[in-house]
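*Asks:* File work_10.cif follows (mmCIF, C-alpha atoms):
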```
data_protein
#
loop_
_atom_site.label_atom_id
_atom_site.label_comp_id
_atom_site.auth_asym_id
_atom_site.auth_seq_id
_atom_site.Cartn_x
_atom_site.Cartn_y
_atom_site.Cartn_z
CA MET A 1 -0.97 20.89 19.63
CA THR A 2 0.69 20.51 16.24
CA SER A 3 1.04 23.75 14.29
CA LEU A 4 -0.58 23.55 10.88
CA ASP A 5 2.22 25.75 9.60
CA SER A 6 5.03 23.33 10.47
CA MET A 7 3.79 19.76 10.22
CA THR A 8 6.31 16.97 9.90
CA PRO A 9 5.59 14.20 7.37
CA CYS A 10 4.38 11.97 10.22
CA GLU A 11 2.11 14.65 11.67
CA ARG A 12 0.75 15.43 8.21
CA PHE A 13 0.05 11.76 7.52
CA ARG A 14 -1.72 11.27 10.83
CA ALA A 15 -3.83 14.42 10.46
CA CYS A 16 -4.89 13.50 6.96
CA MET A 17 -5.63 9.88 7.82
CA SER A 18 -7.59 10.98 10.92
CA PHE A 19 -9.81 13.36 8.93
CA GLN A 20 -8.29 16.30 10.80
CA PRO A 21 -7.15 19.64 9.28
CA PHE A 22 -3.73 19.50 7.63
CA ASP A 23 -1.31 22.07 6.26
CA ARG A 24 -1.16 20.38 2.86
CA LEU A 25 -1.62 16.93 1.41
CA PRO A 26 1.26 14.51 1.83
CA MET A 27 3.26 14.35 -1.40
CA VAL A 28 4.09 10.70 -1.87
CA GLU A 29 5.13 8.20 -4.51
CA TRP A 30 3.97 5.24 -2.45
CA ALA A 31 5.25 2.47 -4.78
CA GLY A 32 8.55 3.87 -5.99
CA TRP A 33 9.29 3.80 -9.71
CA TRP A 34 9.82 1.17 -12.38
CA ASN A 35 13.50 0.52 -13.09
CA GLN A 36 12.84 1.43 -16.72
CA THR A 37 11.46 4.80 -15.60
CA ILE A 38 14.57 5.62 -13.57
CA ASP A 39 16.82 4.39 -16.38
CA ARG A 40 15.09 6.79 -18.76
CA TRP A 41 15.33 9.71 -16.36
CA HIS A 42 19.05 9.11 -15.94
CA THR A 43 19.39 9.97 -19.64
CA GLU A 44 17.22 13.08 -19.28
CA GLY A 45 18.63 14.94 -16.29
CA LEU A 46 18.19 12.85 -13.14
CA PRO A 47 21.69 12.66 -11.63
CA ALA A 48 23.25 9.26 -12.27
CA SER A 49 24.26 9.04 -8.61
CA LEU A 50 20.60 8.91 -7.58
CA THR A 51 19.46 5.30 -7.54
CA ASP A 52 18.05 4.92 -4.03
CA ARG A 53 14.26 5.24 -3.86
CA TYR A 54 14.33 7.63 -0.91
CA ASP A 55 17.10 9.82 -2.30
CA ILE A 56 15.03 10.22 -5.45
CA CYS A 57 12.04 11.23 -3.33
CA ARG A 58 14.11 13.97 -1.72
CA HIS A 59 15.41 15.08 -5.11
CA PHE A 60 11.85 15.75 -6.29
CA GLY A 61 10.73 17.26 -2.98
CA LEU A 62 8.50 14.31 -2.11
CA GLU A 63 8.09 13.00 1.40
CA VAL A 64 9.97 9.89 2.49
CA TYR A 65 7.74 6.96 3.41
CA ARG A 66 10.15 4.18 4.39
CA GLN A 67 8.81 0.66 3.80
CA ASP A 68 9.90 -2.87 4.66
CA TRP A 69 8.12 -6.00 3.36
CA PHE A 70 8.43 -9.01 5.63
CA ARG A 71 8.15 -11.93 3.23
CA PRO A 72 7.04 -15.29 4.67
CA ARG A 73 9.47 -17.24 2.51
CA GLY A 74 12.90 -18.07 3.86
CA PRO A 75 16.11 -18.05 1.81
CA GLY A 76 15.93 -21.79 1.12
CA CYS A 77 12.41 -21.74 -0.28
CA PRO A 78 12.24 -22.94 -3.91
CA ALA A 79 11.33 -20.45 -6.62
CA PRO A 80 8.53 -20.99 -9.14
CA ARG A 81 9.64 -21.98 -12.62
CA ALA A 82 7.69 -19.08 -14.18
CA HIS A 83 5.51 -16.11 -13.22
CA GLY A 84 2.21 -17.37 -11.88
CA ALA A 85 3.43 -20.94 -11.39
CA GLY A 86 3.26 -22.67 -8.03
CA ILE A 87 5.83 -24.47 -5.93
CA LEU A 88 3.52 -27.08 -4.38
CA ALA A 89 0.37 -29.00 -5.31
CA ASP A 90 -0.94 -30.58 -2.12
CA GLU A 91 -0.54 -31.08 1.62
CA ALA A 92 2.56 -33.21 1.14
CA GLY A 93 4.16 -30.47 -0.91
CA TYR A 94 3.36 -27.95 1.82
CA GLU A 95 4.92 -30.21 4.44
CA ALA A 96 8.06 -30.45 2.30
CA ILE A 97 8.61 -26.69 2.01
CA ARG A 98 7.22 -25.75 5.44
CA PRO A 99 10.74 -25.65 7.00
CA HIS A 100 11.63 -22.93 4.47
CA LEU A 101 8.65 -20.72 5.30
CA PHE A 102 7.94 -18.13 8.01
CA PRO A 103 11.53 -17.16 8.91
CA LEU A 104 12.24 -15.57 12.27
CA PRO A 105 13.71 -13.25 13.32
CA ALA A 106 12.26 -11.20 10.47
CA VAL A 107 13.22 -7.66 11.42
CA ASP A 108 16.52 -5.99 10.59
CA ARG A 109 16.80 -4.25 13.95
CA PRO A 110 19.66 -1.84 13.11
CA ARG A 111 17.76 -0.66 10.01
CA TRP A 112 14.55 -0.07 11.95
CA GLU A 113 16.37 1.60 14.83
CA ALA A 114 17.90 4.05 12.34
CA TRP A 115 14.51 4.59 10.70
CA ALA A 116 12.87 5.14 14.07
CA ALA A 117 15.43 7.84 14.90
CA GLU A 118 14.77 9.48 11.54
CA ARG A 119 11.05 9.42 12.20
CA GLN A 120 11.60 10.85 15.69
CA ARG A 121 13.35 13.79 14.03
CA GLY A 122 10.24 14.32 11.94
CA GLU A 123 11.87 13.31 8.65
CA CYS A 124 9.80 10.33 7.48
CA VAL A 125 6.75 8.09 7.82
CA LEU A 126 7.26 4.38 8.51
CA TRP A 127 5.26 1.48 7.14
CA PHE A 128 5.60 -2.22 6.55
CA SER A 129 3.95 -4.86 4.41
CA LEU A 130 2.85 -8.43 4.98
CA ASP A 131 1.58 -11.00 2.50
CA GLY A 132 -2.22 -11.17 2.49
CA PHE A 133 -4.34 -14.29 2.86
CA PHE A 134 -5.19 -14.49 -0.85
CA TRP A 135 -1.77 -13.47 -2.17
CA PHE A 136 0.39 -15.89 -0.18
CA ALA A 137 -1.56 -19.08 -0.91
CA ARG A 138 -1.64 -18.11 -4.60
CA SER A 139 2.15 -17.66 -4.61
CA LEU A 140 2.55 -21.20 -3.26
CA LEU A 141 -0.03 -22.99 -5.38
CA GLY A 142 0.08 -20.96 -8.60
CA ILE A 143 -2.64 -18.75 -10.03
CA GLU A 144 -5.04 -21.31 -11.51
CA PRO A 145 -4.55 -24.16 -8.98
CA HIS A 146 -5.08 -21.65 -6.18
CA LEU A 147 -8.56 -20.78 -7.45
CA TYR A 148 -9.50 -24.48 -7.61
CA ALA A 149 -8.07 -25.04 -4.13
CA PHE A 150 -10.86 -23.02 -2.49
CA TYR A 151 -13.14 -25.91 -3.47
CA ASP A 152 -10.82 -28.91 -3.84
CA GLN A 153 -8.36 -28.41 -0.96
CA PRO A 154 -10.10 -26.35 1.74
CA ALA A 155 -8.11 -27.90 4.60
CA LEU A 156 -4.83 -26.94 2.95
CA MET A 157 -6.06 -23.40 2.35
CA HIS A 158 -7.00 -23.01 6.00
CA ARG A 159 -3.72 -24.47 7.18
CA ILE A 160 -1.67 -22.11 5.02
CA ASN A 161 -3.58 -19.07 6.21
CA ALA A 162 -3.57 -20.10 9.85
CA ASP A 163 0.21 -20.48 9.68
CA LEU A 164 0.52 -17.12 7.92
CA ALA A 165 -1.62 -15.39 10.54
CA GLU A 166 0.51 -16.72 13.38
CA HIS A 167 3.69 -15.70 11.61
CA SER A 168 2.30 -12.21 10.93
CA LEU A 169 1.51 -11.78 14.63
CA ARG A 170 5.07 -12.75 15.56
CA VAL A 171 6.48 -10.27 13.03
CA ILE A 172 4.28 -7.49 14.41
CA ASP A 173 5.46 -8.25 17.96
CA GLU A 174 9.08 -8.28 16.84
CA LEU A 175 8.81 -5.04 14.89
CA CYS A 176 6.93 -3.19 17.61
CA SER A 177 9.65 -4.08 20.09
CA VAL A 178 11.79 -1.65 18.06
CA CYS A 179 9.22 0.99 17.11
CA THR A 180 5.57 1.37 16.12
CA PRO A 181 5.12 2.16 12.42
CA ASP A 182 2.46 4.57 11.22
CA PHE A 183 0.67 2.12 8.95
CA MET A 184 0.99 -1.19 7.16
CA THR A 185 -0.30 -2.89 4.04
CA PHE A 186 -1.39 -6.41 3.24
CA GLY A 187 -0.24 -7.36 -0.27
CA GLU A 188 -3.39 -8.97 -1.60
CA ASP A 189 -4.22 -8.31 -5.29
CA LEU A 190 -7.49 -10.24 -5.21
CA SER A 191 -9.22 -8.08 -7.83
CA TYR A 192 -8.74 -7.59 -11.55
CA ASN A 193 -10.32 -4.99 -13.82
CA HIS A 194 -13.79 -6.54 -13.57
CA GLY A 195 -13.85 -7.13 -9.82
CA PRO A 196 -12.79 -9.77 -7.29
CA MET A 197 -11.38 -13.15 -8.31
CA LEU A 198 -13.25 -14.96 -5.53
CA SER A 199 -16.77 -14.91 -4.14
CA GLU A 200 -17.86 -13.23 -0.94
CA ASP A 201 -18.55 -16.67 0.53
CA CYS A 202 -14.96 -17.75 -0.19
CA PHE A 203 -13.64 -14.52 1.30
CA ASP A 204 -15.72 -15.03 4.45
CA GLU A 205 -14.64 -18.64 4.88
CA PHE A 206 -10.98 -18.57 3.89
CA LEU A 207 -9.71 -15.01 4.43
CA ALA A 208 -11.91 -13.19 6.93
CA PRO A 209 -11.07 -15.31 10.01
CA TYR A 210 -7.36 -14.65 9.57
CA TYR A 211 -7.74 -10.92 8.96
CA GLN A 212 -9.88 -10.83 12.11
CA ARG A 213 -7.06 -12.57 13.96
CA VAL A 214 -4.34 -10.10 12.92
CA ILE A 215 -6.04 -6.71 12.52
CA PRO A 216 -7.04 -6.25 16.20
CA GLU A 217 -3.36 -6.62 17.16
CA LEU A 218 -2.45 -3.87 14.69
CA HIS A 219 -5.18 -1.60 16.01
CA ARG A 220 -4.14 -2.29 19.61
CA ARG A 221 -0.81 -0.68 18.70
CA GLY A 222 -2.37 2.21 16.77
CA ILE A 223 -1.26 0.96 13.34
CA LEU A 224 -3.55 1.60 10.38
CA ALA A 225 -4.18 -1.55 8.34
CA ILE A 226 -4.51 -0.93 4.60
CA VAL A 227 -5.07 -3.53 1.90
CA ASP A 228 -3.08 -3.31 -1.34
CA SER A 229 -5.20 -4.76 -4.14
CA ASP A 230 -5.02 -3.80 -7.78
CA GLY A 231 -8.05 -3.85 -10.08
CA ASP A 232 -11.64 -2.87 -9.35
CA VAL A 233 -12.08 -2.94 -5.57
CA ALA A 234 -15.62 -1.52 -5.41
CA ILE A 235 -17.18 -4.85 -4.38
CA PRO A 236 -14.51 -6.22 -2.00
CA ALA A 237 -14.21 -2.82 -0.31
CA HIS A 238 -17.27 -3.83 1.70
CA TRP A 239 -15.64 -7.11 2.67
CA PHE A 240 -12.41 -5.37 3.66
CA GLU A 241 -14.23 -2.87 5.83
CA ARG A 242 -16.25 -5.61 7.50
CA VAL A 243 -13.11 -7.45 8.71
CA GLY A 244 -11.65 -4.24 10.14
CA LEU A 245 -9.29 -3.04 7.42
CA ASP A 246 -8.90 0.73 7.57
CA GLY A 247 -8.25 1.51 3.92
CA ILE A 248 -7.31 0.55 0.38
CA LEU A 249 -4.65 1.39 -2.20
CA PRO A 250 -3.82 1.99 -5.11
CA LEU A 251 -7.34 2.48 -6.61
CA GLU A 252 -6.50 2.00 -10.28
CA ARG A 253 -8.40 4.41 -12.50
CA GLN A 254 -8.03 2.19 -15.58
CA ALA A 255 -9.92 -0.55 -13.72
CA GLY A 256 -12.92 1.77 -13.35
CA VAL A 257 -12.42 2.72 -9.70
CA ASP A 258 -14.44 5.83 -8.84
CA MET A 259 -13.25 7.76 -5.80
CA ASP A 260 -16.49 9.69 -5.37
CA GLN A 261 -18.46 6.44 -5.15
CA LEU A 262 -15.93 4.83 -2.81
CA ARG A 263 -16.01 7.79 -0.45
CA HIS A 264 -19.82 7.90 -0.50
CA ARG A 265 -20.07 4.19 0.32
CA HIS A 266 -17.17 4.13 2.79
CA PRO A 267 -17.06 7.55 4.47
CA ARG A 268 -14.48 6.58 7.12
CA MET A 269 -12.12 4.40 5.09
CA ARG A 270 -8.70 5.73 4.14
CA PHE A 271 -7.44 5.69 0.58
CA ILE A 272 -4.06 6.16 -1.11
CA GLY A 273 -3.43 6.52 -4.85
CA HIS A 274 -6.00 6.95 -7.64
CA PHE A 275 -4.10 9.56 -9.70
CA ASP A 276 -4.40 8.15 -13.21
CA LYS A 277 -0.87 7.23 -14.30
CA MET A 278 -2.02 7.23 -17.92
CA VAL A 279 -2.32 11.04 -17.98
CA MET A 280 1.09 11.79 -16.49
CA HIS A 281 2.73 12.34 -19.89
CA ARG A 282 -0.10 14.33 -21.49
CA GLY A 283 0.80 17.86 -20.42
CA GLU A 284 -0.36 20.48 -17.96
CA ALA A 285 -4.03 20.63 -18.95
CA ALA A 286 -4.48 16.88 -18.50
CA LEU A 287 -2.58 16.91 -15.20
CA ARG A 288 -4.65 19.79 -13.87
CA ALA A 289 -7.88 18.08 -14.87
CA GLU A 290 -6.85 14.97 -12.94
CA PHE A 291 -5.89 16.96 -9.82
CA GLU A 292 -9.15 18.91 -10.05
CA ARG A 293 -11.07 15.61 -10.18
CA LEU A 294 -9.42 14.43 -6.94
CA LEU A 295 -9.26 17.72 -5.03
CA PRO A 296 -12.78 17.72 -3.48
CA VAL A 297 -12.34 14.30 -1.88
CA ALA A 298 -8.70 14.94 -0.90
CA SER A 299 -9.58 18.18 0.89
CA ARG A 300 -12.02 16.33 3.17
CA GLY A 301 -9.28 14.07 4.57
CA GLY A 302 -8.76 10.35 4.74
CA TYR A 303 -7.21 10.29 1.27
CA ILE A 304 -3.63 10.73 0.06
CA VAL A 305 -3.28 11.47 -3.63
CA SER A 306 -0.59 9.40 -5.33
CA CYS A 307 0.04 7.62 -8.61
CA ASP A 308 -2.41 4.72 -8.95
CA HIS A 309 0.49 2.31 -9.23
CA GLN A 310 4.06 3.03 -10.34
CA THR A 311 4.96 5.91 -12.64
CA PRO A 312 5.39 4.25 -16.06
CA PRO A 313 8.44 4.60 -18.34
CA GLY A 314 6.41 6.67 -20.81
CA VAL A 315 6.65 9.60 -18.39
CA SER A 316 9.71 11.73 -19.07
CA TYR A 317 11.83 13.47 -16.44
CA THR A 318 10.34 16.80 -17.54
CA ASP A 319 6.82 15.34 -17.38
CA TYR A 320 7.43 14.22 -13.82
CA GLN A 321 8.88 17.54 -12.74
CA LEU A 322 5.71 19.21 -14.01
CA TYR A 323 3.60 16.63 -12.18
CA VAL A 324 5.42 17.35 -8.90
CA ARG A 325 5.10 21.12 -9.34
CA LEU A 326 1.35 20.86 -9.88
CA PHE A 327 1.06 18.27 -7.10
CA ARG A 328 2.47 20.80 -4.63
CA GLU A 329 0.07 23.49 -5.85
CA TYR A 330 -2.95 21.23 -5.37
CA ALA A 331 -1.62 19.75 -2.13
CA GLU A 332 -1.51 23.24 -0.67
CA GLU A 333 -4.98 24.05 -2.02
CA ALA A 334 -6.34 20.88 -0.40
CA GLY A 335 -4.79 22.03 2.88
CA ARG A 336 -6.47 25.43 2.60
CA ARG A 337 -9.82 23.80 1.99
CA SER A 338 -9.23 21.34 4.82
CA ARG A 339 -8.65 24.16 7.28
CA ALA A 340 -11.61 26.16 5.94
CA GLN A 341 -13.93 23.17 6.42
CA SER A 342 -12.78 22.54 9.98
CA PRO A 343 -15.36 23.58 12.60
CA GLY A 344 -12.49 24.81 14.79
#
```
Could you write out this structure as structure tokens?
*Replies:*
Amino acid sequence: MTSLDSMTPCERFRACMSFQPFDRLPMVEWAGWWNQTIDRWHTEGLPASLTDRYDICRHFGLEVYRQDWFRPRGPGCPAPRAHGAGILADEAGYEAIRPHLFPLPAVDRPRWEAWAAERQRGECVLWFSLDGFFWFARSLLGIEPHLYAFYDQPALMHRINADLAEHSLRVIDELCSVCTPDFMTFGEDLSYNHGPMLSEDCFDEFLAPYYQRVIPELHRRGILAIVDSDGDVAIPAHWFERVGLDGILPLERQAGVDMDQLRHRHPRMRFIGHFDKMVMHRGEAALRAEFERLLPVASRGGYIVSCDHQTPPGVSYTDYQLYVRLFREYAEEAGRRSRAQSPG
């Protein structure tokens, strides 16, 4: 049995995500930092030699969660002319770029072998990301044409997502031949600050069948499947849970996400994020108020507190040091409450 006094990052993650007692909350910056944020900190005391995401985590005393995103575009795939623009318009366009999609092998085996050894020593948590079934088609068609395509080009939408599902399954097989990560995320971003950008009927027709194809293979290997969608996820949370997804991140506070309501409606889902990034520069009282808001839910498990996206450049190096100091204080308090609430 794992000692609650000496949990590794992996043990701590698994206890928390399994609603079991934990020594303290994981202390994680799940999305890294904006380049502008790091550039600022380099002028304020962060050693100039620290540029690697994981080295910066160690510098602040945060846990290392190593991530790899297996993109379904190959090196020869054309780039969009601008953000939000597409690279194809129809079935013929898809046929033309299809040879440049879904590259295999996808896994850098030496990198993952090294990471697996690091995890075996208890030094990190491992996760990977795949494009989701809303995100990928949008990246090919462009933001506005993609939304019309649900109605005007349903066959193309199904073909894209069927191909993506098969590729995702091959990537999972390839990765798990090296090691089994602790969790994964689907990059999806199907919500904005007023809710989902598609209807439940569209989700059920065009996304659900492909999630239901891939998620059982993740669960068969013991990998938690978490969806990464910005915006207000209160409505699609029900859809995500119905297709078997285990959790959601980053739970943006500015989009009106309410953790208490999410936990009440989804008592067994896992959550990561939700610390309001807009208070991180406002001093100790504001930081404490935000940690106090999250502490009751965090102490009951199934939730890892983290910035609700990336720490913005308005947060100084001193601000962030204060944030980390208070984070540790509240992480330990959540652990004490977790153990006190345990029937054992």
*Asks:* So what does the PyMOL selection byres ((chain A and resi 136) around 12) actually pick up in this one, as a PyMOL selection string?
*Replies:* chain A and resi 71-73+84+86-87+101-102+130-135+137-143+146+157-158+160-165+168+186-190+207
*Asks:* Write a file of the selected residues as a JSON list (two decimals), in the coordinates of the input, keeping C-alpha atoms.
*Replies:*
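See selection.json below for the written result:
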```json
[["chain", "number", "residue", "atom", "x", "y", "z"],
["A", 71, "ARG", "CA", 8.15, -11.93, 3.23],
["A", 72, "PRO", "CA", 7.04, -15.29, 4.67],
["A", 73, "ARG", "CA", 9.47, -17.24, 2.51],
["A", 84, "GLY", "CA", 2.21, -17.37, -11.88],
["A", 86, "GLY", "CA", 3.26, -22.67, -8.03],
["A", 87, "ILE", "CA", 5.83, -24.47, -5.93],
["A", 101, "LEU", "CA", 8.65, -20.72, 5.30],
["A", 102, "PHE", "CA", 7.94, -18.13, 8.01],
["A", 130, "LEU", "CA", 2.85, -8.43, 4.98],
["A", 131, "ASP", "CA", 1.58, -11.00, 2.50],
["A", 132, "GLY", "CA", -2.22, -11.17, 2.49],
["A", 133, "PHE", "CA", -4.34, -14.29, 2.86],
["A", 134, "PHE", "CA", -5.19, -14.49, -0.85],
["A", 135, "TRP", "CA", -1.77, -13.47, -2.17],
["A", 137, "ALA", "CA", -1.56, -19.08, -0.91],
["A", 138, "ARG", "CA", -1.64, -18.11, -4.60],
["A", 139, "SER", "CA", 2.15, -17.66, -4.61],
["A", 140, "LEU", "CA", 2.55, -21.20, -3.26],
["A", 141, "LEU", "CA", -0.03, -22.99, -5.38],
["A", 142, "GLY", "CA", 0.08, -20.96, -8.60],
["A", 143, "ILE", "CA", -2.64, -18.75, -10.03],
["A", 146, "HIS", "CA", -5.08, -21.65, -6.18],
["A", 157, "MET", "CA", -6.06, -23.40, 2.35],
["A", 158, "HIS", "CA", -7.00, -23.01, 6.00],
["A", 160, "ILE", "CA", -1.67, -22.11, 5.02],
["A", 161, "ASN", "CA", -3.58, -19.07, 6.21],
["A", 162, "ALA", "CA", -3.57, -20.10, 9.85],
["A", 163, "ASP", "CA", 0.21, -20.48, 9.68],
["A", 164, "LEU", "CA", 0.52, -17.12, 7.92],
["A", 165, "ALA", "CA", -1.62, -15.39, 10.54],
["A", 168, "SER", "CA", 2.30, -12.21, 10.93],
["A", 186, "PHE", "CA", -1.39, -6.41, 3.24],
["A", 187, "GLY", "CA", -0.24, -7.36, -0.27],
["A", 188, "GLU", "CA", -3.39, -8.97, -1.60],
["A", 189, "ASP", "CA", -4.22, -8.31, -5.29],
["A", 190, "LEU", "CA", -7.49, -10.24, -5.21],
["A", 207, "LEU", "CA", -9.71, -15.01, 4.43]]
```
*Asks:* Run the PyMOL selection byres ((chain A and resi 198) around 12) on the file and write out the hits as a PyMOL selection string.
*Replies:* chain A and resi 134+144+146-151+189-192+194-197+199-207+235-236+239
*Asks:* Would you kindly translate the PyMOL selection byres ((chain A and resi 183) around 8) into the concrete residues it picks from this file, as an NGL selection string?
*Replies:* :A and (126-128 or 181-182 or 184-185 or 223-226)
*Asks:* Could you state the separation of CA of Arg336 (chain A) and CA of Asp23 (chain A) in Å, given to one decimal place?
*Replies:*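 For CA of Arg336 (chain A) relative to CA of Asp23 (chain A), the distance reads 7.2 Å.
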*Asks:* Ranking A:Tyr323, A:Thr8, A:Glu252, A:Ser306 by minimum distance to Ala286 (chain A) and counting only C-alpha atoms, which one comes first?
*Replies:*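 Of all the options, A:Tyr323 lies closest to Ala286 (chain A).
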*Asks:* Compare A:Gly247, A:Gly122, A:Pro209, A:Pro312 by their minimum atom-to-atom distance to Asp276 (chain A), counting only C-alpha atoms, and give me the closest one.
*Replies:*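 Closest to Asp276 (chain A) of all the choices is A:Pro312.
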*Asks:* Which of these residues is nearest to Arg293 (chain A), using only C-alpha atoms: A:Leu50, A:Val178, A:Val305, A:Ala155?
*Replies:*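 Ranked by minimum distance to Arg293 (chain A), first place goes to A:Val305.
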*Asks:* Around the point (20.6, 2.4, -10.5), in the coordinates given by the file, pick out the residues reaching within 9 Å, counting all atoms listed in the file, and return them as a CSV table (one decimal) with C-alpha atoms, in the frame of the given file.
*Replies:*
```csv
chain,number,residue,atom,x,y,z
A,35,ASN,CA,13.5,0.5,-13.1
A,38,ILE,CA,14.6,5.6,-13.6
A,39,ASP,CA,16.8,4.4,-16.4
A,42,HIS,CA,19.0,9.1,-15.9
A,48,ALA,CA,23.2,9.3,-12.3
A,49,SER,CA,24.3,9.0,-8.6
A,50,LEU,CA,20.6,8.9,-7.6
A,51,THR,CA,19.5,5.3,-7.5
A,52,ASP,CA,18.0,4.9,-4.0
```
*Asks:* At most 7 Å is the cut-off: for each residue in region 170-196 of chain A with any atom that close to an atom of region 104-119 of chain A, write down the nearest atom pair and the distance in Å rounded to one decimal, counting only C-alpha atoms, chain first then increasing number, as a tab-separated table.
*Replies:*
```
residue	atom	partner	partner_atom	distance
A:Val171	CA	A:Ala106	CA	6.4
A:Glu174	CA	A:Val107	CA	6.8
A:Leu175	CA	A:Val107	CA	6.2
A:Val178	CA	A:Glu113	CA	6.5
A:Cys179	CA	A:Ala116	CA	6.3
```
*Asks:* Write the residues you've just listed into a file as a PDB file, keeping the file's coordinate frame, and include C-alpha atoms for each of them.
*Replies:*
```
ATOM      1  CA  VAL A 171       6.480 -10.270  13.030  1.00  0.00           C
ATOM      2  CA  GLU A 174       9.080  -8.280  16.840  1.00  0.00           C
ATOM      3  CA  LEU A 175       8.810  -5.040  14.890  1.00  0.00           C
ATOM      4  CA  VAL A 178      11.790  -1.650  18.060  1.00  0.00           C
ATOM      5  CA  CYS A 179       9.220   0.990  17.110  1.00  0.00           C
TER       6      CYS A 179
END
```
*Asks:* Work out how far apart CA of Asp258 (chain A) and CA of Asn193 (chain A) are and give it in Å to one decimal.
*Replies:* 12.6 Å
*Asks:* One decimal, in Å: what's the spacing between CA of Ile172 (chain A) and CA of Leu245 (chain A)?
*Replies:*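 Between CA of Ile172 (chain A) and CA of Leu245 (chain A) the gap works out to 15.9 Å.
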*Asks:* Which residue out of A:Phe291, A:Phe275, A:Arg58, A:Gln120 has the minimum interatomic distance to Arg328 (chain A) when only C-alpha atoms are used?
*Replies:*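 Closest candidate: A:Phe291.
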*Asks:* Which of these residues is nearest to Asp308 (chain A), using only C-alpha atoms: A:Gly32, A:Pro103, A:Pro80, A:Pro21?
*Replies:*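 So, comparing all the options, the nearest one is A:Gly32.
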